[in-house]
2 protein chains.
Amino acid sequence: MTSDACHDMRPENSGPRMHGLRLLIADDHELVRDAIALFLRSEGGIETVTVGDLPSAVQAIETQGPFDLVLLDVMMPGMNGIDSLREVLAMAGGQRVALISGSASAEIAEQALALGASGYLPKTLSAKSLANAVRFMAMGEQYAPLAFLRNARPETPHPLAQRLSRRELDVLQGLTGGKANKEIARDLGITEPTVKLHMKTLYRKIGAHNRTQAAIIAKEEGLF
Amino acid sequence: MTSDACHDMRPENSGPRMHGLRLLIADDHELVRDAIALFLRSEGGIETVTVGDLPSAVQAIETQGPFDLVLLDVMMPGMNGIDSLREVLAMAGGQRVALISGSASAEIAEQALALGASGYLPKTLSAKSLANAVRFMAMGEQYAPLAFLRNARPETPHPLAQRLSRRELDVLQGLTGGKANKEIARDLGITEPTVKLHMKTLYRKIGAHNRTQAAIIAKEEGLF
DNA sequence: GAAGACCCTATCCGTTCGGACAGGTCCGCC
DNA sequence: GGCGGACCTGTCCGAACGGATAGGGTCTTC
């Protein structure tokens, strides 16, 4: 996680009238904190205040007045993911709050954005992109790495389909089509008792108690 | 796995300097074109070249050298949605291309971004947000209105749920939980025959022949 | 060759479903 | 008032389902 320092970024894009931007960074990794602060300070004229846990962040917001943007690490002392975010958002008044996270979870990102967070920044972001994002959010826009949000969608690693035999999958497919055992048997060229047998075993394998549950599970798993 | 967090993307074209940013706008609505150009020129020192159809855009790219960003309207003479975008992206070399659209379609936006477009701008965007987005994209980032992408997902205008009565929906919800009629009856505080009755009528309403089909349909419709 | 999978078939039994009766109460609306 | 709709309850019956049990077969693997 301790990425090499990157200082040799050219300050080529001094933001448009970005003088006097004040930023609060709350992260328990001092290295991360300093890297962001250093880069932003040298790169645009962005003032940063850094703290290491949530209570300090709260205190900083109260005493050091409103910030243009508050960056919160999802995982740090006192921080409890989405709940704490909600808290800070309520407390911060008009201030903009964004999350930083080492572990990139699309679910949390979406929840955060839905709650009104200004953005979600994975730490895999380059310093340059991060600086861009900070300015962007300070202007009132919402930011999140798009590729990240998009790619998290079609994630279907079929953890469950692997445990079913070929025939059981056939039967399950017929089931998700809403077919009766007799129909499935006819379609597969086997007899009804056999279908029932496969049903029973696949219920056990996927943890269903009846055919409807099995169908729902299969659907939710993205199968068929 | 994320060892280095800083990949300095030095653009092969003219770097993203804020002064002297050159932008190509291709849109058949002159009013829209001029509004964007005017606002960007007065607001940040952004030069704009405007054209009204795709062939002109292609010609402008070839003759007037590389732009920092190309904005293409999805619907304009010569433009064929995603296909034309692919074409322009291939032709434009390192240039950044983004789409503008009057009709906000999340699918097209996602396709465009996946293809490597720099962004997707609905015309419902405020001029201010648009200016921000243009600068942001010129810096090499990807932009799309997040609320737009997110909200397009859970878009369930309940075309089907409207036709079911309150109680039928209750029963259907129990059904999608994989429950038996008896359980549903207990949970709702009614008797089993009543549950069966609701089942029968809701089958008819949604076009299912048995409970499994009904559950599948409800799931696919995004209900519950 | 034995062990263990996956596949198929069959019978039996109790439960559940699906559908069809035939009632009843509310409520809003013409 | 009559009428329709949503809601509830009940009985009946044939069909389907869920599970247990007891066989048969073919493979691969040890």
# chains A, B, ... in the order shown; residues from 1 in each chain; ligands from 1
$ residues_around --residues "DT16 of chain C" --least-positions-apart "3" --cutoff "12 Å" --atoms "only C-alpha atoms (C1' of nucleotides)" --output "number ranges by chain"
A: 210-211; B: 179-183, 192, 196, 211; D: 15-18
$ write_last_selection --atoms "N, CA and C atoms (P, O5', C5', C4', C3', O3' and C1' of nucleotides)" --output "PDB file, in the first residue's frame"
ATOM      1  N   ASN A 210     -37.508 -25.618  -1.541  1.00  0.00           N
ATOM      2  CA  ASN A 210     -38.527 -25.975  -2.531  1.00  0.00           C
ATOM      3  C   ASN A 210     -38.126 -25.398  -3.889  1.00  0.00           C
ATOM      4  N   ARG A 211     -38.900 -25.726  -4.890  1.00  0.00           N
ATOM      5  CA  ARG A 211     -38.521 -25.368  -6.249  1.00  0.00           C
ATOM      6  C   ARG A 211     -38.486 -23.863  -6.467  1.00  0.00           C
TER       7      ARG A 211
ATOM      8  N   LYS B 179     -41.423 -19.013   0.137  1.00  0.00           N
ATOM      9  CA  LYS B 179     -42.281 -19.541   1.192  1.00  0.00           C
ATOM     10  C   LYS B 179     -43.430 -20.369   0.639  1.00  0.00           C
ATOM     11  N   ALA B 180     -43.929 -21.267   1.485  1.00  0.00           N
ATOM     12  CA  ALA B 180     -45.102 -22.057   1.134  1.00  0.00           C
ATOM     13  C   ALA B 180     -46.346 -21.247   1.474  1.00  0.00           C
ATOM     14  N   ASN B 181     -47.470 -21.647   0.905  1.00  0.00           N
ATOM     15  CA  ASN B 181     -48.714 -20.916   1.157  1.00  0.00           C
ATOM     16  C   ASN B 181     -48.992 -20.792   2.644  1.00  0.00           C
ATOM     17  N   LYS B 182     -48.755 -21.875   3.364  1.00  0.00           N
ATOM     18  CA  LYS B 182     -49.049 -21.884   4.792  1.00  0.00           C
ATOM     19  C   LYS B 182     -48.230 -20.821   5.528  1.00  0.00           C
ATOM     20  N   GLU B 183     -46.960 -20.735   5.157  1.00  0.00           N
ATOM     21  CA  GLU B 183     -46.110 -19.727   5.795  1.00  0.00           C
ATOM     22  C   GLU B 183     -46.595 -18.317   5.492  1.00  0.00           C
ATOM     23  N   GLU B 192     -54.894 -20.105   4.850  1.00  0.00           N
ATOM     24  CA  GLU B 192     -54.269 -20.617   3.649  1.00  0.00           C
ATOM     25  C   GLU B 192     -55.177 -20.515   2.409  1.00  0.00           C
ATOM     26  N   LYS B 196     -54.211 -18.945  -1.299  1.00  0.00           N
ATOM     27  CA  LYS B 196     -54.390 -19.627  -2.580  1.00  0.00           C
ATOM     28  C   LYS B 196     -55.199 -18.776  -3.557  1.00  0.00           C
ATOM     29  N   ARG B 211     -46.448 -21.200  -9.421  1.00  0.00           N
ATOM     30  CA  ARG B 211     -45.807 -20.280  -8.496  1.00  0.00           C
ATOM     31  C   ARG B 211     -44.367 -19.972  -8.903  1.00  0.00           C
TER      32      ARG B 211
ATOM     33  P    DA D  15     -55.981 -36.086 -12.388  1.00  0.00           P
ATOM     34  O5'  DA D  15     -54.709 -35.156 -12.179  1.00  0.00           O
ATOM     35  C5'  DA D  15     -54.798 -33.776 -12.572  1.00  0.00           C
ATOM     36  C4'  DA D  15     -53.630 -33.018 -11.974  1.00  0.00           C
ATOM     37  C3'  DA D  15     -52.271 -33.669 -12.240  1.00  0.00           C
ATOM     38  O3'  DA D  15     -51.441 -32.735 -12.914  1.00  0.00           O
ATOM     39  C1'  DA D  15     -52.546 -33.132  -9.921  1.00  0.00           C
ATOM     40  P    DA D  16     -49.971 -33.243 -13.342  1.00  0.00           P
ATOM     41  O5'  DA D  16     -49.068 -32.569 -12.221  1.00  0.00           O
ATOM     42  C5'  DA D  16     -49.235 -31.183 -11.929  1.00  0.00           C
ATOM     43  C4'  DA D  16     -48.458 -30.848 -10.674  1.00  0.00           C
ATOM     44  C3'  DA D  16     -46.995 -31.321 -10.716  1.00  0.00           C
ATOM     45  O3'  DA D  16     -46.144 -30.202 -10.546  1.00  0.00           O
ATOM     46  C1'  DA D  16     -48.072 -31.968  -8.680  1.00  0.00           C
ATOM     47  P    DC D  17     -44.587 -30.438 -10.581  1.00  0.00           P
ATOM     48  O5'  DC D  17     -44.271 -30.585  -9.023  1.00  0.00           O
ATOM     49  C5'  DC D  17     -44.773 -29.579  -8.144  1.00  0.00           C
ATOM     50  C4'  DC D  17     -44.466 -29.937  -6.706  1.00  0.00           C
ATOM     51  C3'  DC D  17     -43.003 -30.287  -6.426  1.00  0.00           C
ATOM     52  O3'  DC D  17     -42.560 -29.469  -5.364  1.00  0.00           O
ATOM     53  C1'  DC D  17     -44.454 -31.883  -5.462  1.00  0.00           C
ATOM     54  P    DG D  18     -41.012 -29.395  -4.999  1.00  0.00           P
ATOM     55  O5'  DG D  18     -40.874 -30.448  -3.811  1.00  0.00           O
ATOM     56  C5'  DG D  18     -41.506 -30.172  -2.570  1.00  0.00           C
ATOM     57  C4'  DG D  18     -41.063 -31.160  -1.517  1.00  0.00           C
ATOM     58  C3'  DG D  18     -39.576 -31.521  -1.541  1.00  0.00           C
ATOM     59  O3'  DG D  18     -39.119 -31.536  -0.193  1.00  0.00           O
ATOM     60  C1'  DG D  18     -40.890 -33.483  -1.803  1.00  0.00           C
TER      61       DG D  18
END
$ residues_around --residues "DC21 of chain C" --least-positions-apart "4" --cutoff "12 Å" --atoms "only C-alpha atoms (C1' of nucleotides)" --output "PDB file with C-alpha atoms (C1' of nucleotides), in the first residue's frame"
ATOM      1  C1'  DG D  10     -64.448 -22.383   3.628  1.00  0.00           C
ATOM      2  C1'  DT D  11     -64.761 -27.196   1.130  1.00  0.00           C
ATOM      3  C1'  DC D  12     -63.638 -30.261  -2.454  1.00  0.00           C
ATOM      4  C1'  DC D  13     -60.590 -32.909  -5.630  1.00  0.00           C
TER       5       DC D  13
END
$ select_by_dssp --residues "segment 63-93 of chain B" --states "strand (DSSP E or B)" --output "NGL selection string"
:B and (69-73)
$ write_last_selection --atoms "N, CA and C atoms" --output "PDB file, in the first residue's frame"
ATOM      1  N   LEU B  69      -9.998  18.127 -26.999  1.00  0.00           N
ATOM      2  CA  LEU B  69     -11.210  17.350 -26.737  1.00  0.00           C
ATOM      3  C   LEU B  69     -12.183  17.552 -27.892  1.00  0.00           C
ATOM      4  N   VAL B  70     -12.826  16.477 -28.277  1.00  0.00           N
ATOM      5  CA  VAL B  70     -13.835  16.547 -29.334  1.00  0.00           C
ATOM      6  C   VAL B  70     -15.178  16.162 -28.736  1.00  0.00           C
ATOM      7  N   LEU B  71     -16.155  17.040 -28.895  1.00  0.00           N
ATOM      8  CA  LEU B  71     -17.504  16.732 -28.428  1.00  0.00           C
ATOM      9  C   LEU B  71     -18.385  16.393 -29.613  1.00  0.00           C
ATOM     10  N   LEU B  72     -18.963  15.210 -29.599  1.00  0.00           N
ATOM     11  CA  LEU B  72     -19.820  14.789 -30.699  1.00  0.00           C
ATOM     12  C   LEU B  72     -21.250  14.632 -30.229  1.00  0.00           C
ATOM     13  N   ASP B  73     -22.148  15.223 -30.969  1.00  0.00           N
ATOM     14  CA  ASP B  73     -23.559  14.973 -30.676  1.00  0.00           C
ATOM     15  C   ASP B  73     -23.918  13.579 -31.189  1.00  0.00           C
TER      16      ASP B  73
END
$ calpha_fit_and_write --fixed "chain A" --moving "chain B" --output "mmCIF file with C-alpha atoms, in the first residue's frame"
data_model
loop_
_atom_site.group_PDB
_atom_site.id
_atom_site.type_symbol
_atom_site.label_atom_id
_atom_site.label_comp_id
_atom_site.auth_asym_id
_atom_site.auth_seq_id
_atom_site.Cartn_x
_atom_site.Cartn_y
_atom_site.Cartn_z
ATOM 1 C CA MET B 1 -32.542 18.034 -23.527
ATOM 2 C CA THR B 2 -28.820 18.461 -23.205
ATOM 3 C CA SER B 3 -28.644 21.884 -24.678
ATOM 4 C CA ASP B 4 -25.627 23.295 -23.004
ATOM 5 C CA ALA B 5 -22.714 21.033 -22.483
ATOM 6 C CA CYS B 6 -20.631 23.493 -20.575
ATOM 7 C CA HIS B 7 -21.438 24.446 -17.057
ATOM 8 C CA ASP B 8 -18.384 26.097 -15.719
ATOM 9 C CA MET B 9 -18.300 25.030 -12.128
ATOM 10 C CA ARG B 10 -16.352 27.824 -10.577
ATOM 11 C CA PRO B 11 -15.539 26.648 -7.137
ATOM 12 C CA GLU B 12 -16.370 29.033 -4.404
ATOM 13 C CA ASN B 13 -13.223 28.159 -2.555
ATOM 14 C CA SER B 14 -9.762 28.623 -3.847
ATOM 15 C CA GLY B 15 -9.768 27.404 -7.369
ATOM 16 C CA PRO B 16 -8.184 24.147 -8.318
ATOM 17 C CA ARG B 17 -4.742 25.397 -9.059
ATOM 18 C CA MET B 18 -2.145 22.707 -8.958
ATOM 19 C CA HIS B 19 0.413 24.636 -7.003
ATOM 20 C CA GLY B 20 -0.636 25.388 -3.484
ATOM 21 C CA LEU B 21 -3.234 22.684 -3.310
ATOM 22 C CA ARG B 22 -4.129 22.182 0.320
ATOM 23 C CA LEU B 23 -5.189 18.817 1.524
ATOM 24 C CA LEU B 24 -6.362 17.488 4.862
ATOM 25 C CA ILE B 25 -5.697 13.852 5.600
ATOM 26 C CA ALA B 26 -7.466 12.253 8.533
ATOM 27 C CA ASP B 27 -6.343 8.740 9.230
ATOM 28 C CA ASP B 28 -5.362 7.016 12.431
ATOM 29 C CA HIS B 29 -2.612 5.036 10.760
ATOM 30 C CA GLU B 30 0.328 7.360 10.940
ATOM 31 C CA LEU B 31 2.246 5.334 8.431
ATOM 32 C CA VAL B 32 -0.485 5.658 5.852
ATOM 33 C CA ARG B 33 -0.880 9.345 6.586
ATOM 34 C CA ASP B 34 2.789 10.075 6.161
ATOM 35 C CA ALA B 35 3.116 7.989 3.040
ATOM 36 C CA ILE B 36 0.346 9.865 1.325
ATOM 37 C CA ALA B 37 1.540 13.238 2.508
ATOM 38 C CA LEU B 38 5.127 12.581 1.578
ATOM 39 C CA PHE B 39 4.350 11.307 -1.864
ATOM 40 C CA LEU B 40 1.977 14.105 -2.692
ATOM 41 C CA ARG B 41 4.333 16.781 -1.432
ATOM 42 C CA SER B 42 7.321 15.515 -3.387
ATOM 43 C CA GLU B 43 5.382 14.698 -6.473
ATOM 44 C CA GLY B 44 3.197 17.664 -7.132
ATOM 45 C CA GLY B 45 3.377 20.754 -4.889
ATOM 46 C CA ILE B 46 0.608 19.668 -2.612
ATOM 47 C CA GLU B 47 0.506 20.902 0.962
ATOM 48 C CA THR B 48 -0.954 18.478 3.419
ATOM 49 C CA VAL B 49 -2.240 18.740 6.951
ATOM 50 C CA THR B 50 -2.600 15.450 8.724
ATOM 51 C CA VAL B 51 -4.653 14.467 11.737
ATOM 52 C CA GLY B 52 -5.407 11.198 13.442
ATOM 53 C CA ASP B 53 -9.055 11.272 14.398
ATOM 54 C CA LEU B 54 -12.353 12.862 13.517
ATOM 55 C CA PRO B 55 -12.482 15.591 16.183
ATOM 56 C CA SER B 56 -9.039 16.755 15.137
ATOM 57 C CA ALA B 57 -10.214 16.809 11.561
ATOM 58 C CA VAL B 58 -13.196 18.938 12.468
ATOM 59 C CA GLN B 59 -10.974 21.306 14.413
ATOM 60 C CA ALA B 60 -8.479 21.513 11.572
ATOM 61 C CA ILE B 61 -11.211 22.432 9.134
ATOM 62 C CA GLU B 62 -12.459 25.164 11.427
ATOM 63 C CA THR B 63 -9.128 26.676 12.360
ATOM 64 C CA GLN B 64 -6.935 26.092 9.345
ATOM 65 C CA GLY B 65 -9.424 27.354 6.884
ATOM 66 C CA PRO B 66 -10.897 25.639 3.868
ATOM 67 C CA PHE B 67 -9.036 22.821 2.204
ATOM 68 C CA ASP B 68 -9.181 21.891 -1.426
ATOM 69 C CA LEU B 69 -9.879 18.342 -0.420
ATOM 70 C CA VAL B 70 -10.465 16.441 2.793
ATOM 71 C CA LEU B 71 -9.610 12.760 2.991
ATOM 72 C CA LEU B 72 -11.339 10.856 5.761
ATOM 73 C CA ASP B 73 -10.549 7.354 6.824
ATOM 74 C CA VAL B 74 -13.739 5.386 7.254
ATOM 75 C CA MET B 75 -12.432 3.623 10.312
ATOM 76 C CA MET B 76 -10.772 5.902 12.804
ATOM 77 C CA PRO B 77 -11.448 7.218 16.272
ATOM 78 C CA GLY B 78 -14.651 9.203 16.289
ATOM 79 C CA MET B 79 -15.542 8.116 12.809
ATOM 80 C CA ASN B 80 -18.724 6.202 12.299
ATOM 81 C CA GLY B 81 -18.731 5.352 8.628
ATOM 82 C CA ILE B 82 -21.439 6.927 6.555
ATOM 83 C CA ASP B 83 -23.015 8.911 9.373
ATOM 84 C CA SER B 84 -19.854 10.806 10.162
ATOM 85 C CA LEU B 85 -19.355 11.473 6.497
ATOM 86 C CA ARG B 86 -22.747 13.078 6.304
ATOM 87 C CA GLU B 87 -21.821 15.230 9.256
ATOM 88 C CA VAL B 88 -18.552 16.386 7.802
ATOM 89 C CA LEU B 89 -20.097 17.082 4.433
ATOM 90 C CA ALA B 90 -22.654 19.333 6.086
ATOM 91 C CA MET B 91 -20.039 21.063 8.139
ATOM 92 C CA ALA B 92 -17.458 21.474 5.450
ATOM 93 C CA GLY B 93 -19.473 23.910 3.407
ATOM 94 C CA GLY B 94 -18.125 23.871 -0.094
ATOM 95 C CA GLN B 95 -15.166 21.724 0.708
ATOM 96 C CA ARG B 96 -14.713 18.456 -1.048
ATOM 97 C CA VAL B 97 -14.645 15.363 1.079
ATOM 98 C CA ALA B 98 -13.504 11.926 0.069
ATOM 99 C CA LEU B 99 -13.255 8.671 1.966
ATOM 100 C CA ILE B 100 -10.243 6.444 2.369
ATOM 101 C CA SER B 101 -10.722 2.896 3.445
ATOM 102 C CA GLY B 102 -8.650 -0.133 4.105
ATOM 103 C CA SER B 103 -11.502 -2.539 3.672
ATOM 104 C CA ALA B 104 -12.911 -2.202 0.222
ATOM 105 C CA SER B 105 -16.673 -2.280 0.380
ATOM 106 C CA ALA B 106 -18.572 -1.343 -2.732
ATOM 107 C CA GLU B 107 -21.738 -0.633 -0.803
ATOM 108 C CA ILE B 108 -20.153 1.997 1.373
ATOM 109 C CA ALA B 109 -18.472 3.502 -1.655
ATOM 110 C CA GLU B 110 -21.764 3.869 -3.460
ATOM 111 C CA GLN B 111 -23.483 5.301 -0.433
ATOM 112 C CA ALA B 112 -20.696 7.800 0.045
ATOM 113 C CA LEU B 113 -20.752 8.926 -3.561
ATOM 114 C CA ALA B 114 -24.506 9.208 -3.502
ATOM 115 C CA LEU B 115 -24.240 11.422 -0.452
ATOM 116 C CA GLY B 116 -22.011 13.785 -2.372
ATOM 117 C CA ALA B 117 -18.565 12.620 -1.414
ATOM 118 C CA SER B 118 -15.913 13.464 -3.956
ATOM 119 C CA GLY B 119 -14.600 9.975 -4.022
ATOM 120 C CA TYR B 120 -13.740 6.718 -2.394
ATOM 121 C CA LEU B 121 -10.143 5.566 -2.198
ATOM 122 C CA PRO B 122 -9.279 2.042 -1.121
ATOM 123 C CA LYS B 123 -5.828 1.794 0.388
ATOM 124 C CA THR B 124 -4.984 -0.841 -2.117
ATOM 125 C CA LEU B 125 -4.520 1.969 -4.590
ATOM 126 C CA SER B 126 -0.998 2.695 -5.752
ATOM 127 C CA ALA B 127 0.530 5.965 -4.618
ATOM 128 C CA LYS B 128 0.563 7.119 -8.184
ATOM 129 C CA SER B 129 -3.100 6.405 -8.724
ATOM 130 C CA LEU B 130 -3.876 8.040 -5.447
ATOM 131 C CA ALA B 131 -2.032 11.187 -6.441
ATOM 132 C CA ASN B 132 -3.919 11.234 -9.705
ATOM 133 C CA ALA B 133 -7.171 10.758 -7.920
ATOM 134 C CA VAL B 134 -6.452 13.543 -5.459
ATOM 135 C CA ARG B 135 -5.737 16.010 -8.241
ATOM 136 C CA PHE B 136 -8.767 14.827 -10.098
ATOM 137 C CA MET B 137 -11.045 15.303 -7.142
ATOM 138 C CA ALA B 138 -9.528 18.653 -6.341
ATOM 139 C CA MET B 139 -10.704 19.738 -9.770
ATOM 140 C CA GLY B 140 -14.256 19.001 -8.738
ATOM 141 C CA GLU B 141 -14.694 15.593 -10.257
ATOM 142 C CA GLN B 142 -15.859 12.457 -8.576
ATOM 143 C CA TYR B 143 -13.491 9.542 -8.280
ATOM 144 C CA ALA B 144 -13.764 5.890 -7.451
ATOM 145 C CA PRO B 145 -11.815 2.917 -8.719
ATOM 146 C CA LEU B 146 -14.078 1.731 -11.450
ATOM 147 C CA ALA B 147 -12.872 -1.818 -11.682
ATOM 148 C CA PHE B 148 -13.615 -2.054 -8.006
ATOM 149 C CA LEU B 149 -17.171 -0.803 -8.293
ATOM 150 C CA ARG B 150 -17.891 -2.954 -11.275
ATOM 151 C CA ASN B 151 -16.336 -6.122 -9.999
ATOM 152 C CA ALA B 152 -18.177 -5.949 -6.760
ATOM 153 C CA ARG B 153 -21.402 -6.474 -8.673
ATOM 154 C CA PRO B 154 -21.109 -9.838 -10.302
ATOM 155 C CA GLU B 155 -19.545 -11.269 -7.187
ATOM 156 C CA THR B 156 -21.016 -14.722 -7.022
ATOM 157 C CA PRO B 157 -18.860 -16.928 -4.896
ATOM 158 C CA HIS B 158 -21.341 -19.718 -5.609
ATOM 159 C CA PRO B 159 -21.924 -20.750 -2.047
ATOM 160 C CA LEU B 160 -24.729 -22.923 -3.244
ATOM 161 C CA ALA B 161 -23.773 -23.965 -6.721
ATOM 162 C CA GLN B 162 -20.825 -25.846 -5.316
ATOM 163 C CA ARG B 163 -23.109 -28.333 -3.699
ATOM 164 C CA LEU B 164 -24.837 -29.279 -6.924
ATOM 165 C CA SER B 165 -23.456 -31.840 -9.319
ATOM 166 C CA ARG B 166 -22.745 -31.056 -12.950
ATOM 167 C CA ARG B 167 -25.949 -32.599 -14.181
ATOM 168 C CA GLU B 168 -28.051 -31.009 -11.516
ATOM 169 C CA LEU B 169 -26.788 -27.636 -12.621
ATOM 170 C CA ASP B 170 -27.717 -28.472 -16.197
ATOM 171 C CA VAL B 171 -31.212 -29.337 -15.099
ATOM 172 C CA LEU B 172 -31.443 -26.246 -12.945
ATOM 173 C CA GLN B 173 -30.394 -24.089 -15.845
ATOM 174 C CA GLY B 174 -33.122 -25.577 -17.986
ATOM 175 C CA LEU B 175 -35.535 -24.957 -15.177
ATOM 176 C CA THR B 176 -34.633 -21.287 -14.916
ATOM 177 C CA GLY B 177 -35.395 -21.099 -18.615
ATOM 178 C CA GLY B 178 -38.963 -22.035 -17.775
ATOM 179 C CA LYS B 179 -38.689 -25.381 -19.518
ATOM 180 C CA ALA B 180 -40.708 -28.480 -18.739
ATOM 181 C CA ASN B 181 -38.999 -31.689 -17.679
ATOM 182 C CA LYS B 182 -39.582 -33.188 -21.095
ATOM 183 C CA GLU B 183 -37.853 -30.305 -22.824
ATOM 184 C CA ILE B 184 -34.927 -30.410 -20.475
ATOM 185 C CA ALA B 185 -34.604 -34.128 -21.068
ATOM 186 C CA ARG B 186 -34.558 -33.617 -24.817
ATOM 187 C CA ASP B 187 -32.004 -30.824 -24.586
ATOM 188 C CA LEU B 188 -29.689 -32.864 -22.416
ATOM 189 C CA GLY B 189 -30.159 -36.086 -24.316
ATOM 190 C CA ILE B 190 -31.528 -38.000 -21.333
ATOM 191 C CA THR B 191 -34.949 -39.330 -20.428
ATOM 192 C CA GLU B 192 -37.588 -37.569 -18.450
ATOM 193 C CA PRO B 193 -37.388 -39.822 -15.372
ATOM 194 C CA THR B 194 -33.755 -38.882 -15.040
ATOM 195 C CA VAL B 195 -34.590 -35.217 -15.140
ATOM 196 C CA LYS B 196 -37.131 -35.775 -12.419
ATOM 197 C CA LEU B 197 -34.551 -37.531 -10.323
ATOM 198 C CA HIS B 198 -32.126 -34.636 -10.610
ATOM 199 C CA MET B 199 -34.934 -32.278 -9.803
ATOM 200 C CA LYS B 200 -35.785 -34.113 -6.651
ATOM 201 C CA THR B 201 -32.226 -34.189 -5.389
ATOM 202 C CA LEU B 202 -31.514 -30.583 -6.228
ATOM 203 C CA TYR B 203 -34.681 -29.516 -4.458
ATOM 204 C CA ARG B 204 -33.368 -31.203 -1.363
ATOM 205 C CA LYS B 205 -29.930 -29.642 -1.743
ATOM 206 C CA ILE B 206 -31.072 -26.082 -2.140
ATOM 207 C CA GLY B 207 -34.095 -26.294 0.123
ATOM 208 C CA ALA B 208 -36.874 -25.853 -2.415
ATOM 209 C CA HIS B 209 -40.264 -27.520 -2.292
ATOM 210 C CA ASN B 210 -41.143 -27.203 -5.936
ATOM 211 C CA ARG B 211 -39.677 -26.152 -9.258
ATOM 212 C CA THR B 212 -40.769 -22.556 -9.014
ATOM 213 C CA GLN B 213 -39.044 -22.104 -5.674
ATOM 214 C CA ALA B 214 -35.947 -23.695 -7.094
ATOM 215 C CA ALA B 215 -35.964 -21.337 -10.054
ATOM 216 C CA ILE B 216 -36.423 -18.324 -7.790
ATOM 217 C CA ILE B 217 -33.582 -19.392 -5.547
ATOM 218 C CA ALA B 218 -31.288 -19.925 -8.509
ATOM 219 C CA LYS B 219 -32.171 -16.523 -9.857
ATOM 220 C CA GLU B 220 -31.654 -14.770 -6.560
ATOM 221 C CA GLU B 221 -28.350 -16.506 -6.126
ATOM 222 C CA GLY B 222 -27.312 -14.876 -9.372
ATOM 223 C CA LEU B 223 -26.831 -18.150 -11.153
ATOM 224 C CA PHE B 224 -27.675 -18.076 -14.844
#
$ closest_atom_pairs --of "chain C" --to "chain B" --cutoff "10 Å" --atoms "only C-alpha atoms (C1' of nucleotides)" --output "tab-separated table"
residue	atom	partner	partner_atom	distance
C:DT16	C1'	B:Ala180	CA	8.1
C:DC17	C1'	B:Lys196	CA	8.5
C:DG18	C1'	B:Lys200	CA	7.5
C:DG19	C1'	B:Lys200	CA	7.9
